[in-house]
Amino acid sequence: MEHIVIIGNGIAGVTAARHIRKNSDKRITVVSTETDYFFSRTALMYIYMGHMKFEHTQPYENWFWKKNRIDLVKGYVNTVDHLNKSLILANGSSIAYDKLILATGSKPNKFGWPGQDLPGVQGLYSKQDLDQLEANAPDNKTCKRAVIVGGGLIGIEMAEMLRSRKIPVTFLVREDSFWNGVLPAGESALINEHILEHHIDLRLGVNLGEILADENGRARAVVIKETGEEIACDVVGLTAGVSPNVDFLKDSGIELGRGIKVNRHLETNIKDIYAIGDCAEQHESIGNRRPIEAVWYTGRMMGETVAQTICGNKIEYKPGHWFNSAKFLDVEYQTYGWVFSERGMKEYEQHFHWRDDKELICITMAFHKETKQFLGINTFGIRMRHEIFDRWLTEERDVFYVMEHLKDANFDPEFYTTYETKIVSKFNSEFGTNITPKKKSWKRIFSNA
């Protein structure tokens with residue numbers, strides 16, 4: 001019986017295992033060192049905040065794996081020996097495979113800062129990181145201040161977690177506005193305001209110089225590189241992005257870039273070895289997508305794709321139109337298609353930005369300067385329907401059509417405040433059009449009309 005071994009029990013690896021089982025009787029083994037069973041990584045913050053327990057983050061009961069004949073091995077893989085199709089584990093044992101799927105995920109970035117490995121310094125990616133934060137910052141008596149380094153989504157999640165326990169937070173962001181390498185200026189400014197409203201000490205345009213130790217060897221302060229200012233703290237959160245977890249593969253013969261190089265079928269340069277999820281790097285980007293995408297839903301899609309290939313239905317990985325969602329403290333964020341920041345805008349791209357005059361609510365819509373084709377939208381504080389924007393992007397609708405039918409995309413219930421009239425009014429004023437928003441049509445929403 002063909003033996004499929006998967007390294008990593010995150011969303012990518014577990015999806016691959018489940019779909020291989022659905023389509024075959026192959027022997028399946030999942031190897032992981034993080035936890036005994038699969039859990040939802042995106043829910044980790046809510047455990048610390050007291051909204052749920054760890055067991056609530058596990059989508060499947062513990063008996064699920066044995067019932068579905070998916071063997072689980074807890075251990076760390078030291079070596080992939082592709083010549084003998086064998087894995088060597090840290091405990092000295094080995095596992096033979098016929099086909100191997102690498103789904104090893106990411107690890108927090110470190111940039112050689114002095115003191116980055118001191119006790120009290122940590123990332124926020126794994127279950128072990130969560131346990132470490134619980135030990136380092138159980139309350140505001142043990143942890144009188146935390147400093148977070150890096151202004152991305154993980155950083156703002158960590159800030160929200162610590163503030164939920166009334167722990168003061170200083171947030172060091174090297175950009176001159178929060179996440180402005182991704183967000184257009186108006187949206188970045190809105191998030192700056194929102195962070196400050198939550199009594200977070202936001203420091204823009206600064207870099208970490210070093211982390212200082214106390215007499216016991218624990219982190220006691222950070223030093224800002226530009227000014228030499230020393231900020232006392234008990235915890236330092238390193239959230240300056242993540243990178244593929246591939247160090248153990250450097251002498252394996254598997255081609256590496258930043259991640260594990262794969263083709264459209266998620267195959268590596270070594271026969272019968274595949275890579276999926278955060279650790280996989282496309283040889284060539286798919287459209288405007290980055291070669292590496294550390295996103296939950298793309299990991300799931302890669303798992304489904306590689307399972308089809310392994311089960312005899314070889315297909316290409318096709319992620320479709322870009323979308324994502326997140327929360328910046330109390331503000332929900334959604335993006336569909338491509339809306340680049342000013343520093344990354346394409347020469348053909350034009351933006352329309354609207355912000356409510358009372359609430360922290362805004363949108364930015366991108367479209368082609370010449371053809372007026374709708375390219376994408378970012379929304380803050382307004383829930384939109386993924387399937388509607390996905391359809392409009394596929395149909396290559398123009399921005400005027402999108403504005404006219406914007407109500408169809410609104411996800412909020414009937415008696416919620418709506419903003420389409422204000423949005424379209426500003427668009428008309430800015431571009432000299434005379435668009436009247438149509439009433440919401442359930443026919444248009446649930447059909448291809």
# chains A, B, ... in the order shown; residues from 1 in each chain; ligands from 1
$ residues_around --residues "segment 333-335 of chain A" --least-positions-apart "6" --cutoff "12 Å" --atoms "only C-alpha atoms" --output "ChimeraX atom specification"
/A:153,182-183,187-188,190-191,321-327,360-366,375-386,389-390,411
$ write_last_selection --atoms "N, CA and C atoms" --output "tab-separated table (two decimals), in the first residue's frame"
chain	number	residue	atom	x	y	z
A	153	LEU	N	-0.25	42.28	10.89
A	153	LEU	CA	-1.47	41.74	11.50
A	153	LEU	C	-1.18	41.00	12.80
A	182	VAL	N	1.17	48.03	2.63
A	182	VAL	CA	0.04	47.25	2.11
A	182	VAL	C	-1.18	48.14	1.90
A	183	LEU	N	-1.48	48.99	2.87
A	183	LEU	CA	-2.70	49.79	2.83
A	183	LEU	C	-2.46	51.15	2.19
A	187	GLU	N	-6.48	54.58	4.60
A	187	GLU	CA	-6.79	53.44	5.47
A	187	GLU	C	-5.74	53.30	6.57
A	188	SER	N	-4.49	53.47	6.21
A	188	SER	CA	-3.42	53.40	7.20
A	188	SER	C	-3.62	54.47	8.27
A	190	LEU	N	-6.44	55.77	9.24
A	190	LEU	CA	-7.58	55.35	10.06
A	190	LEU	C	-7.12	54.37	11.14
A	191	ILE	N	-6.27	53.41	10.76
A	191	ILE	CA	-5.80	52.42	11.73
A	191	ILE	C	-4.88	53.07	12.76
A	321	HIS	N	-9.18	34.76	-7.56
A	321	HIS	CA	-8.98	36.16	-7.20
A	321	HIS	C	-8.54	36.28	-5.74
A	322	TRP	N	-7.62	37.20	-5.49
A	322	TRP	CA	-7.13	37.44	-4.14
A	322	TRP	C	-8.26	37.95	-3.24
A	323	PHE	N	-8.33	37.43	-2.04
A	323	PHE	CA	-9.19	37.99	-1.00
A	323	PHE	C	-8.57	37.69	0.35
A	324	ASN	N	-8.96	38.46	1.32
A	324	ASN	CA	-8.50	38.22	2.69
A	324	ASN	C	-9.38	39.03	3.63
A	325	SER	N	-9.32	38.68	4.91
A	325	SER	CA	-10.06	39.45	5.92
A	325	SER	C	-9.27	39.38	7.22
A	326	ALA	N	-9.48	40.38	8.07
A	326	ALA	CA	-8.79	40.44	9.35
A	326	ALA	C	-9.53	41.44	10.23
A	327	LYS	N	-9.03	41.59	11.46
A	327	LYS	CA	-9.56	42.61	12.36
A	327	LYS	C	-8.41	43.45	12.89
A	360	LEU	N	-15.46	55.07	12.23
A	360	LEU	CA	-14.23	54.53	11.64
A	360	LEU	C	-14.61	53.52	10.57
A	361	ILE	N	-15.11	54.04	9.47
A	361	ILE	CA	-15.58	53.24	8.35
A	361	ILE	C	-15.06	53.87	7.07
A	362	CYS	N	-14.47	53.06	6.20
A	362	CYS	CA	-13.99	53.60	4.93
A	362	CYS	C	-13.88	52.49	3.89
A	363	ILE	N	-13.78	52.89	2.64
A	363	ILE	CA	-13.48	51.95	1.55
A	363	ILE	C	-12.45	52.60	0.64
A	364	THR	N	-11.68	51.79	-0.06
A	364	THR	CA	-10.86	52.25	-1.17
A	364	THR	C	-11.10	51.29	-2.33
A	365	MET	N	-11.47	51.85	-3.48
A	365	MET	CA	-11.74	51.04	-4.66
A	365	MET	C	-10.68	51.34	-5.71
A	366	ALA	N	-10.13	50.31	-6.32
A	366	ALA	CA	-9.13	50.46	-7.37
A	366	ALA	C	-9.74	50.12	-8.71
A	375	LEU	N	-10.79	46.73	-10.29
A	375	LEU	CA	-9.63	45.91	-9.97
A	375	LEU	C	-9.67	45.34	-8.56
A	376	GLY	N	-10.33	46.04	-7.63
A	376	GLY	CA	-10.38	45.54	-6.26
A	376	GLY	C	-10.95	46.55	-5.31
A	377	ILE	N	-11.22	46.10	-4.08
A	377	ILE	CA	-11.78	46.98	-3.06
A	377	ILE	C	-11.27	46.57	-1.69
A	378	ASN	N	-10.95	47.54	-0.85
A	378	ASN	CA	-10.70	47.35	0.58
A	378	ASN	C	-11.86	47.95	1.34
A	379	THR	N	-12.35	47.27	2.35
A	379	THR	CA	-13.41	47.82	3.19
A	379	THR	C	-13.01	47.72	4.66
A	380	PHE	N	-13.32	48.77	5.40
A	380	PHE	CA	-13.08	48.81	6.84
A	380	PHE	C	-14.38	49.17	7.53
A	381	GLY	N	-14.88	48.23	8.35
A	381	GLY	CA	-16.10	48.50	9.11
A	381	GLY	C	-17.39	48.21	8.36
A	382	ILE	N	-17.30	47.74	7.12
A	382	ILE	CA	-18.49	47.35	6.34
A	382	ILE	C	-18.27	45.93	5.87
A	383	ARG	N	-19.19	45.05	6.16
A	383	ARG	CA	-19.07	43.67	5.69
A	383	ARG	C	-19.61	43.55	4.28
A	384	MET	N	-18.83	42.92	3.41
A	384	MET	CA	-19.22	42.75	2.02
A	384	MET	C	-19.27	41.27	1.65
A	385	ARG	N	-19.95	40.97	0.56
A	385	ARG	CA	-20.14	39.58	0.12
A	385	ARG	C	-19.02	39.17	-0.83
A	386	HIS	N	-18.26	38.16	-0.39
A	386	HIS	CA	-17.14	37.68	-1.19
A	386	HIS	C	-17.60	37.23	-2.57
A	389	PHE	N	-18.18	40.17	-5.18
A	389	PHE	CA	-16.97	40.79	-5.73
A	389	PHE	C	-16.18	39.79	-6.57
A	390	ASP	N	-16.16	38.53	-6.17
A	390	ASP	CA	-15.48	37.51	-6.95
A	390	ASP	C	-16.10	37.42	-8.35
A	411	PHE	N	-23.21	42.93	3.06
A	411	PHE	CA	-23.55	41.72	3.80
A	411	PHE	C	-24.39	42.00	5.04
$ select_by_dssp --residues "segment 263-360 of chain A" --states "strand (DSSP E or B)" --output "ChimeraX atom specification"
/A:267,273-275,280-282,323-328,331-337,349-355
$ write_last_selection --atoms "C-alpha atoms" --output "CSV table (one decimal), in the first residue's frame"
chain,number,residue,atom,x,y,z
A,267,GLU,CA,5.9,19.6,-7.1
A,273,ILE,CA,8.0,15.4,-3.0
A,274,TYR,CA,5.5,18.2,-2.8
A,275,ALA,CA,5.3,21.4,-0.8
A,280,ALA,CA,5.8,26.7,-0.6
A,281,GLU,CA,7.2,29.2,-3.0
A,282,GLN,CA,6.0,29.4,-6.6
A,323,PHE,CA,-9.2,38.0,-1.0
A,324,ASN,CA,-8.5,38.2,2.7
A,325,SER,CA,-10.1,39.4,5.9
A,326,ALA,CA,-8.8,40.4,9.4
A,327,LYS,CA,-9.6,42.6,12.4
A,328,PHE,CA,-7.7,45.7,13.5
A,331,VAL,CA,-12.5,47.4,12.9
A,332,GLU,CA,-13.2,44.6,10.5
A,333,TYR,CA,-11.1,44.6,7.3
A,334,GLN,CA,-11.9,42.8,4.0
A,335,THR,CA,-10.1,43.0,0.6
A,336,TYR,CA,-11.1,41.6,-2.7
A,337,GLY,CA,-9.0,41.8,-5.9
A,349,GLU,CA,-4.2,52.0,-11.3
A,350,GLN,CA,-6.5,54.7,-9.9
A,351,HIS,CA,-8.1,54.8,-6.5
A,352,PHE,CA,-11.4,56.1,-5.1
A,353,HIS,CA,-11.4,56.6,-1.3
A,354,TRP,CA,-14.4,57.3,0.9
A,355,ARG,CA,-14.4,57.7,4.7
$ atom_distance --atom1 "atom CA of Ala219 of chain A" --atom2 "atom CA of Tyr76 of chain A"
28.4 Å
$ closest_residue --among "A:Ile231, A:Ala213, A:Ile101, A:Val121" --to "Phe171 of chain A" --atoms "only C-alpha atoms"
A:Ile231
$ select_by_dssp --residues "segment 4-119 of chain A" --states "alpha helix (DSSP H)" --output "list of chain:residue names"
A:Ile11, A:Ala12, A:Gly13, A:Val14, A:Thr15, A:Ala16, A:Ala17, A:Arg18, A:His19, A:Ile20, A:Arg21, A:Lys22, A:Asn23, A:Leu44, A:Met45, A:Tyr46, A:Ile47, A:Tyr48, A:Phe64, A:Trp65, A:Lys66, A:Lys67
$ atom_distance --atom1 "atom CA of Pro437 of chain A" --atom2 "atom CA of Glu347 of chain A"
29.1 Å
$ closest_residue --among "A:Ala12, A:Leu204, A:Ile270, A:Ile88" --to "Gly75 of chain A" --atoms "only C-alpha atoms"
A:Ile88
$ atom_distance --atom1 "atom CA of Phe340 of chain A" --atom2 "atom CA of Arg289 of chain A"
11.7 Å
$ residues_around --residues "Gly237 of chain A" --least-positions-apart "5" --cutoff "8 Å" --atoms "only C-alpha atoms" --output "PDB file with N, CA and C atoms, in the first residue's frame"
ATOM      1  N   VAL A 121      11.448  37.297  25.438  1.00  0.00           N
ATOM      2  CA  VAL A 121      11.330  37.730  24.042  1.00  0.00           C
ATOM      3  C   VAL A 121      10.701  36.593  23.253  1.00  0.00           C
ATOM      4  N   GLN A 122       9.663  36.877  22.485  1.00  0.00           N
ATOM      5  CA  GLN A 122       8.966  35.789  21.806  1.00  0.00           C
ATOM      6  C   GLN A 122       8.184  36.279  20.601  1.00  0.00           C
ATOM      7  N   GLY A 123       7.796  35.328  19.756  1.00  0.00           N
ATOM      8  CA  GLY A 123       6.894  35.606  18.651  1.00  0.00           C
ATOM      9  C   GLY A 123       5.482  35.214  19.029  1.00  0.00           C
ATOM     10  N   LEU A 124       4.592  35.207  18.038  1.00  0.00           N
ATOM     11  CA  LEU A 124       3.220  34.754  18.254  1.00  0.00           C
ATOM     12  C   LEU A 124       2.755  34.026  17.004  1.00  0.00           C
ATOM     13  N   ALA A 146       4.649  45.768  27.877  1.00  0.00           N
ATOM     14  CA  ALA A 146       5.165  44.955  26.775  1.00  0.00           C
ATOM     15  C   ALA A 146       5.522  45.878  25.618  1.00  0.00           C
ATOM     16  N   VAL A 147       6.552  45.497  24.884  1.00  0.00           N
ATOM     17  CA  VAL A 147       6.918  46.208  23.662  1.00  0.00           C
ATOM     18  C   VAL A 147       6.765  45.239  22.495  1.00  0.00           C
ATOM     19  N   ILE A 148       6.035  45.677  21.467  1.00  0.00           N
ATOM     20  CA  ILE A 148       5.832  44.859  20.274  1.00  0.00           C
ATOM     21  C   ILE A 148       6.618  45.490  19.132  1.00  0.00           C
ATOM     22  N   VAL A 149       7.352  44.649  18.410  1.00  0.00           N
ATOM     23  CA  VAL A 149       8.212  45.124  17.329  1.00  0.00           C
ATOM     24  C   VAL A 149       7.679  44.588  16.008  1.00  0.00           C
ATOM     25  N   GLY A 155       1.232  41.614  14.887  1.00  0.00           N
ATOM     26  CA  GLY A 155       1.544  42.622  15.898  1.00  0.00           C
ATOM     27  C   GLY A 155       0.307  43.238  16.509  1.00  0.00           C
ATOM     28  N   MET A 158      -1.400  40.779  18.814  1.00  0.00           N
ATOM     29  CA  MET A 158      -0.711  40.652  20.096  1.00  0.00           C
ATOM     30  C   MET A 158      -1.012  41.856  20.988  1.00  0.00           C
TER      31      MET A 158
END
$ residues_around --residues "Asn109 of chain A" --least-positions-apart "3" --cutoff "7 Å" --atoms "only C-alpha atoms" --output "PDB file with C-alpha atoms, in the first residue's frame"
ATOM      1  CA  ALA A 240       8.054  41.603  12.131  1.00  0.00           C
ATOM      2  CA  GLY A 241       6.523  39.057   9.770  1.00  0.00           C
ATOM      3  CA  VAL A 242       7.168  35.356   9.262  1.00  0.00           C
ATOM      4  CA  SER A 243       9.322  33.297   6.913  1.00  0.00           C
TER       5      SER A 243
END
$ closest_residue --among "A:Lys74, A:Lys439, A:Lys261, A:Arg145" --to "Glu420 of chain A" --atoms "only C-alpha atoms"
A:Lys439
$ residues_around --residues "Thr104 of chain A" --least-positions-apart "2" --cutoff "6 Å" --atoms "only C-alpha atoms" --output "ChimeraX atom specification"
/A:8,102,245
$ closest_residue --among "A:Gln116, A:Asn192, A:Ser40, A:Ser24" --to "Leu329 of chain A" --atoms "only C-alpha atoms"
A:Asn192
$ closest_residue --among "A:Leu162, A:Val73, A:Ile211, A:Val30" --to "Gly112 of chain A" --atoms "only C-alpha atoms"
A:Ile211
$ residues_around --residues "Val399 of chain A" --least-positions-apart "6" --cutoff "6 Å" --atoms "only C-alpha atoms" --output "mmCIF file with N, CA and C atoms, in the first residue's frame"
data_model
loop_
_atom_site.group_PDB
_atom_site.id
_atom_site.type_symbol
_atom_site.label_atom_id
_atom_site.label_comp_id
_atom_site.auth_asym_id
_atom_site.auth_seq_id
_atom_site.Cartn_x
_atom_site.Cartn_y
_atom_site.Cartn_z
ATOM 1 N N LYS A 372 -11.424 51.755 -17.015
ATOM 2 C CA LYS A 372 -12.326 51.845 -15.848
ATOM 3 C C LYS A 372 -12.696 50.476 -15.280
ATOM 4 N N GLN A 373 -11.984 49.415 -15.688
ATOM 5 C CA GLN A 373 -12.263 48.084 -15.148
ATOM 6 C C GLN A 373 -12.018 48.057 -13.650
ATOM 7 N N PHE A 374 -12.959 47.470 -12.924
ATOM 8 C CA PHE A 374 -12.844 47.294 -11.478
ATOM 9 C C PHE A 374 -11.728 46.318 -11.175
#
$ closest_residue --among "A:Leu100, A:Met1, A:Leu44, A:Leu256" --to "Arg27 of chain A" --atoms "only C-alpha atoms"
A:Met1
